Amino acid sequence: MTASARLENAFATALGGRVPAHLGVAVSGGGDSMALLHLAAAWARARGVPVSAVTVDHGLRSEAVAEAGFVADACATLQVPHDTLRWTGWDGRGNLQAAARAARYRLMVDWAHGLGIDAIVLGHTKDDQAETFLMRLARGSGPDGLSGMAASHRQNGMLWLRPLLGVRRETLRDYLSRGGQGWIEDPSNRDMRFERVRVRQALAGLGDVGLTVDGLADRCARMAMVREALDHLARETAESAGIHDRGDLLFESARLLAAPRETRLRLLAAALCWVASADYRPRLAALESAAAAAFAGERRSLHGCLLSSDGARLRISREPNAVRGVVAAPDRPWDTRWRLFGPQINDVHLRALGETGLAHCTGWRETGLPRASLLASPAVWRGTDLVAAPLAGRPGGWRAELAPPADDVLQVVISH
């Protein structure tokens with residue numbers, strides 16, 4: 001078997017038998033992503049699967065336009081449809097790489113949904129995994145962070161796949177060179193202002209003390225096993241101590257307090273992320289402080305959520321202030337996790353019930369939901385007029401459903 005065939009076989013094996021209806025490929029023009037493009041095109045062609053490529057121009061470098069054009073030309077040769085998405089949202093504040101990454105994923109999700117793409121492959125390599133391990137180690141990450149990047153995960157309704165996590169960066173460049181294919185070296189990969197570049201430079205000199213790319217990637221795999229065990233214990237605790245109540249999560253205080261500290265905090269962090277539709281967990285110190293106060297009977301706000309307790313149960317609900325400005329069309333998800341279904345009427349929108357809406361729901365106490373939970377619940381509005389509030393006892397022909405379905409919510413929480 002040739003080196004190219006071995007790499008193509010490794011790509012297919014990494015996908016684990018998944019055959020999406022339409023595969024998306026994220027391509028920047030660098031060596032890793034260009035190799036990914038060629039491998040994905042060959043894989044899709046052999047299986048009759050439609051494949052489309054996308055490049056995100058962050059608008060930060062003048063060379064980006066030419067790089068996107070380079071990718072477009074390569075895609076045309078491969079007969080792979082290609083789109084360039086442009087981000088214009090950088091305001092010069094905060095962490096540039098973090099903001100660009102968030103924008104990149106958001107743009108790709110919208111692009112994929114528009115084309116009916118159900119999976120996107122990313123070009124992260126074993127080198128990226130090792131660098132991620134060192135970066136997270138320096139930040140004091142625990143087992144979750146040190147388990148590195150997942151080979152597959154679902155987020156924002158999209159399946160993200162990293163089929164090259166077991167492949168070295170140099171192997172991909174050799175593959176391109178043997179095939180007579182080019183790539184573009186991004187100058188930002190040498191910019192020492194960026195943490196990953198500094199870590200990459202440091203890693204190059206750590207082999208003498210046994211810290212190699214292969215070794216660090218292996219540590220990630222071992223920490224992933226630890227994380228799997230911890231998640232399993234947290235899942236068991238969730239199933240025995242947790243219930244779902246119309247968008248809120250409740251846990252029996254006694255059982256939660258009897259669980260190991262790591263399990264308790266892991267479960268609470270996952271619950272907060274699910275209720276708030278957040279990608280990242282709160283800081284450990286903030287989580288411990290808020291949880292301790294809530295168990296003591298105080299109501300605390302954290303991560304876009306409210307934590308409160310009646311003594312027997314700890315409730316995690318959406319914080320009304322966190323959704324005050326969230327508006328959606330009636331056919332779109334509201335606050336990421338709610339969908340509302342009702343009559344086909346014009347000029348309505350979805351937003352939180354709030355104080356004004358609750359005043360029009362005279363029977364809200366009979367619902368059994370706390371007042372704060374109802375303030376943050378989805379409602380249908382026409383201008384300033386309340387049309388319906390399904391969770392607050394005023395359905396008006398509308399119903400509110402969670403995505404995912406409520407009967408699967410605890411599994412989703414712990415796998416968040």
# chains A, B, ... in the order shown; residues from 1 in each chain; ligands from 1
$ residues_around --residues "stretch 288-304 of chain A" --least-positions-apart "3" --cutoff "9 Å" --atoms "only C-alpha atoms" --output "JSON, numbers by chain"
{"A": [253, 257, 265, 268, 272, 273, 275, 276, 278, 281, 282, 283, 284, 285, 307, 308, 309, 310, 311, 313, 314, 315, 317, 318, 319, 320, 321, 322, 323]}
$ write_last_selection --atoms "C-alpha atoms" --output "short mmCIF file (atom, residue, chain, number, x, y, z; two decimals), in the first residue's frame"
data_model
loop_
_atom_site.label_atom_id
_atom_site.label_comp_id
_atom_site.auth_asym_id
_atom_site.auth_seq_id
_atom_site.Cartn_x
_atom_site.Cartn_y
_atom_site.Cartn_z
CA SER A 253 -29.71 18.21 47.22
CA LEU A 257 -24.04 16.59 48.27
CA LEU A 265 -19.20 20.08 40.21
CA LEU A 268 -23.57 21.29 37.90
CA LEU A 272 -25.39 25.32 33.63
CA CYS A 273 -23.99 24.96 30.12
CA VAL A 275 -29.58 25.71 30.45
CA ALA A 276 -27.56 28.68 29.14
CA ALA A 278 -23.05 27.90 26.64
CA ARG A 281 -18.02 25.85 31.59
CA PRO A 282 -17.80 28.48 34.34
CA ARG A 283 -14.59 28.89 36.28
CA LEU A 284 -14.20 26.37 39.06
CA ALA A 285 -13.92 28.92 41.88
CA LEU A 307 -29.21 28.61 41.15
CA SER A 308 -31.75 28.31 43.94
CA SER A 309 -32.79 25.74 46.50
CA ASP A 310 -35.86 24.95 48.57
CA GLY A 311 -33.80 22.72 50.82
CA ARG A 313 -33.83 20.33 45.60
CA LEU A 314 -31.39 22.59 43.80
CA ARG A 315 -32.93 24.26 40.74
CA SER A 317 -33.01 27.94 35.58
CA ARG A 318 -32.34 30.56 32.94
CA GLU A 319 -31.60 34.03 34.26
CA PRO A 320 -34.20 36.56 32.98
CA ASN A 321 -31.59 39.26 32.39
CA ALA A 322 -29.59 36.89 30.18
CA VAL A 323 -32.42 36.54 27.66
#
$ residues_around --residues "stretch 364-379 of chain A" --least-positions-apart "5" --cutoff "6 Å" --atoms "only C-alpha atoms" --output "list of chain:residue names"
A:Ser317, A:Pro320, A:Leu350, A:Arg351, A:Ala352, A:Leu353, A:Gly354, A:Ala388, A:Ala389, A:Ala392, A:Gly393
$ residues_around --residues "A:Arg198" --least-positions-apart "5" --cutoff "12 Å" --atoms "only C-alpha atoms" --output "list in words"
Glu131, Thr132, Leu134, Met135, Ser188, Asn189, Arg190, Asp191, Met192, Arg193, Leu203, Ala204 and Gly205 of chain A
$ residues_around --residues "A:Ala312" --least-positions-apart "6" --cutoff "9 Å" --atoms "only C-alpha atoms" --output "PyMOL selection string"
chain A and resi 251-254
$ select_by_dssp --residues "stretch 172-383 of chain A" --states "strand (DSSP E or B)" --output "PyMOL selection string"
chain A and resi 242-245+248-252+300-302+305-309+313-318+328+334+338-341+349-352+378-382
$ write_last_selection --atoms "N, CA and C atoms" --output "short mmCIF file (atom, residue, chain, number, x, y, z; two decimals), in the first residue's frame"
data_model
loop_
_atom_site.label_atom_id
_atom_site.label_comp_id
_atom_site.auth_asym_id
_atom_site.auth_seq_id
_atom_site.Cartn_x
_atom_site.Cartn_y
_atom_site.Cartn_z
N GLY A 242 -31.45 13.70 39.36
CA GLY A 242 -31.90 14.85 38.58
C GLY A 242 -33.21 14.63 37.87
N ILE A 243 -33.95 15.70 37.69
CA ILE A 243 -35.16 15.68 36.87
C ILE A 243 -35.21 16.96 36.04
N HIS A 244 -35.99 16.91 34.99
CA HIS A 244 -36.16 18.07 34.12
C HIS A 244 -37.55 18.65 34.33
N ASP A 245 -37.63 19.97 34.38
CA ASP A 245 -38.92 20.63 34.59
C ASP A 245 -39.06 21.81 33.64
N ASP A 248 -35.98 23.86 33.08
CA ASP A 248 -35.15 23.94 34.28
C ASP A 248 -34.62 22.54 34.61
N LEU A 249 -33.51 22.49 35.33
CA LEU A 249 -32.99 21.23 35.83
C LEU A 249 -32.98 21.27 37.35
N LEU A 250 -33.47 20.18 37.96
CA LEU A 250 -33.53 20.09 39.41
C LEU A 250 -32.76 18.86 39.87
N PHE A 251 -32.05 19.01 40.98
CA PHE A 251 -31.27 17.91 41.54
C PHE A 251 -31.59 17.78 43.02
N GLU A 252 -31.75 16.53 43.47
CA GLU A 252 -31.98 16.29 44.89
C GLU A 252 -30.72 16.69 45.65
N ARG A 300 -28.33 32.45 43.62
CA ARG A 300 -27.14 32.98 42.99
C ARG A 300 -27.27 32.99 41.47
N SER A 301 -26.62 33.95 40.84
CA SER A 301 -26.58 34.05 39.39
C SER A 301 -25.19 33.64 38.91
N LEU A 302 -25.14 32.78 37.90
CA LEU A 302 -23.87 32.33 37.35
C LEU A 302 -24.07 31.80 35.94
N CYS A 305 -27.42 31.80 34.35
CA CYS A 305 -28.42 30.96 35.01
C CYS A 305 -28.65 31.43 36.44
N LEU A 306 -29.75 30.95 37.02
CA LEU A 306 -30.03 31.15 38.43
C LEU A 306 -29.94 29.81 39.14
N LEU A 307 -29.26 29.79 40.29
CA LEU A 307 -29.21 28.61 41.15
C LEU A 307 -29.97 28.92 42.41
N SER A 308 -30.95 28.09 42.74
CA SER A 308 -31.75 28.31 43.94
C SER A 308 -32.11 26.96 44.54
N SER A 309 -32.47 26.98 45.81
CA SER A 309 -32.79 25.74 46.50
C SER A 309 -33.93 25.94 47.47
N ARG A 313 -34.33 20.40 46.96
CA ARG A 313 -33.83 20.33 45.60
C ARG A 313 -33.13 21.62 45.21
N LEU A 314 -32.09 21.46 44.40
CA LEU A 314 -31.39 22.59 43.80
C LEU A 314 -31.93 22.77 42.38
N ARG A 315 -32.37 23.98 42.06
CA ARG A 315 -32.93 24.26 40.74
C ARG A 315 -31.96 25.15 39.96
N ILE A 316 -31.75 24.79 38.71
CA ILE A 316 -30.98 25.62 37.78
C ILE A 316 -31.91 26.07 36.67
N SER A 317 -32.10 27.38 36.57
CA SER A 317 -33.01 27.94 35.58
C SER A 317 -32.32 29.06 34.82
N ARG A 318 -32.92 29.47 33.74
CA ARG A 318 -32.34 30.56 32.94
C ARG A 318 -32.53 31.87 33.67
N ALA A 328 -36.28 36.12 18.21
CA ALA A 328 -36.19 35.19 17.08
C ALA A 328 -37.49 35.20 16.31
N TRP A 334 -35.44 29.73 19.69
CA TRP A 334 -35.27 30.88 20.58
C TRP A 334 -34.36 30.47 21.73
N TRP A 338 -35.18 26.41 22.47
CA TRP A 338 -36.64 26.36 22.43
C TRP A 338 -37.16 26.53 21.01
N ARG A 339 -38.17 25.74 20.68
CA ARG A 339 -38.93 25.94 19.44
C ARG A 339 -40.41 26.08 19.81
N LEU A 340 -41.08 27.04 19.19
CA LEU A 340 -42.49 27.26 19.44
C LEU A 340 -43.30 26.95 18.19
N PHE A 341 -44.43 26.31 18.39
CA PHE A 341 -45.30 25.90 17.29
C PHE A 341 -46.69 26.43 17.54
N HIS A 349 -43.14 37.67 16.80
CA HIS A 349 -41.76 37.27 17.07
C HIS A 349 -41.69 36.62 18.43
N LEU A 350 -40.57 35.98 18.71
CA LEU A 350 -40.36 35.30 19.98
C LEU A 350 -39.39 36.10 20.83
N ARG A 351 -39.74 36.29 22.07
CA ARG A 351 -38.81 36.85 23.05
C ARG A 351 -39.27 36.44 24.45
N ALA A 352 -38.48 36.77 25.44
CA ALA A 352 -38.78 36.35 26.81
C ALA A 352 -40.10 36.96 27.30
N PRO A 378 -39.99 31.40 26.94
CA PRO A 378 -40.30 31.95 25.62
C PRO A 378 -41.76 32.35 25.50
N ALA A 379 -42.01 33.45 24.80
CA ALA A 379 -43.37 33.94 24.58
C ALA A 379 -43.48 34.47 23.16
N VAL A 380 -44.71 34.55 22.68
CA VAL A 380 -44.99 35.05 21.34
C VAL A 380 -45.55 36.46 21.47
N TRP A 381 -44.96 37.38 20.71
CA TRP A 381 -45.34 38.79 20.79
C TRP A 381 -45.68 39.34 19.40
N ARG A 382 -46.63 40.25 19.38
CA ARG A 382 -46.85 41.08 18.20
C ARG A 382 -46.63 42.52 18.65
#
$ atom_distance --atom1 "atom CA of A:Leu402" --atom2 "atom CA of A:Leu287"
25.3 Å
$ closest_residue --among "A:Trp183, A:Phe194, A:Trp87, A:Trp160" --to "A:Glu67" --atoms "only C-alpha atoms"
A:Trp183
$ residues_around --residues "A:Ala112" --least-positions-apart "4" --cutoff "12 Å" --atoms "only C-alpha atoms" --output "ChimeraX atom specification"
/A:21-26,51-54,82-83,85,105-108,116-121,156-160
$ closest_residue --among "A:Arg399, A:Ala41, A:Pro20, A:Glu63" --to "A:Pro81" --atoms "only C-alpha atoms"
A:Ala41
$ select_by_dssp --residues "stretch 127-352 of chain A" --states "helix (DSSP H, G or I)" --output "PyMOL selection string"
chain A and resi 127-138+143-146+169-178+187-190+195-203+207-209+213-241+253-258+261-276+284-295+320-323
$ closest_atom_pairs --of "stretch 115-210 of chain A" --to "stretch 222-232 of chain A" --cutoff "10 Å" --atoms "only C-alpha atoms" --output "CSV"
residue,atom,partner,partner_atom,distance
A:Gly142,CA,A:Met223,CA,9.1
A:Pro143,CA,A:Met223,CA,5.6
A:Asp144,CA,A:Arg227,CA,5.9
A:Gly145,CA,A:Met223,CA,8.7
A:Leu146,CA,A:Met223,CA,6.2
A:Ser147,CA,A:Ala224,CA,4.5
A:Gly148,CA,A:Ala224,CA,7.6
A:Met149,CA,A:Ala224,CA,9.4
A:Ala150,CA,A:Ala224,CA,8.7
$ atom_distance --atom1 "atom CA of A:Pro163" --atom2 "atom CA of A:Thr55"
18.4 Å
$ closest_residue --among "A:Thr212, A:Val197, A:Thr84, A:Leu233" --to "A:Ala66" --atoms "only C-alpha atoms"
A:Thr84
$ atom_distance --atom1 "atom CA of A:Asp32" --atom2 "atom CA of A:Leu60"
20.7 Å
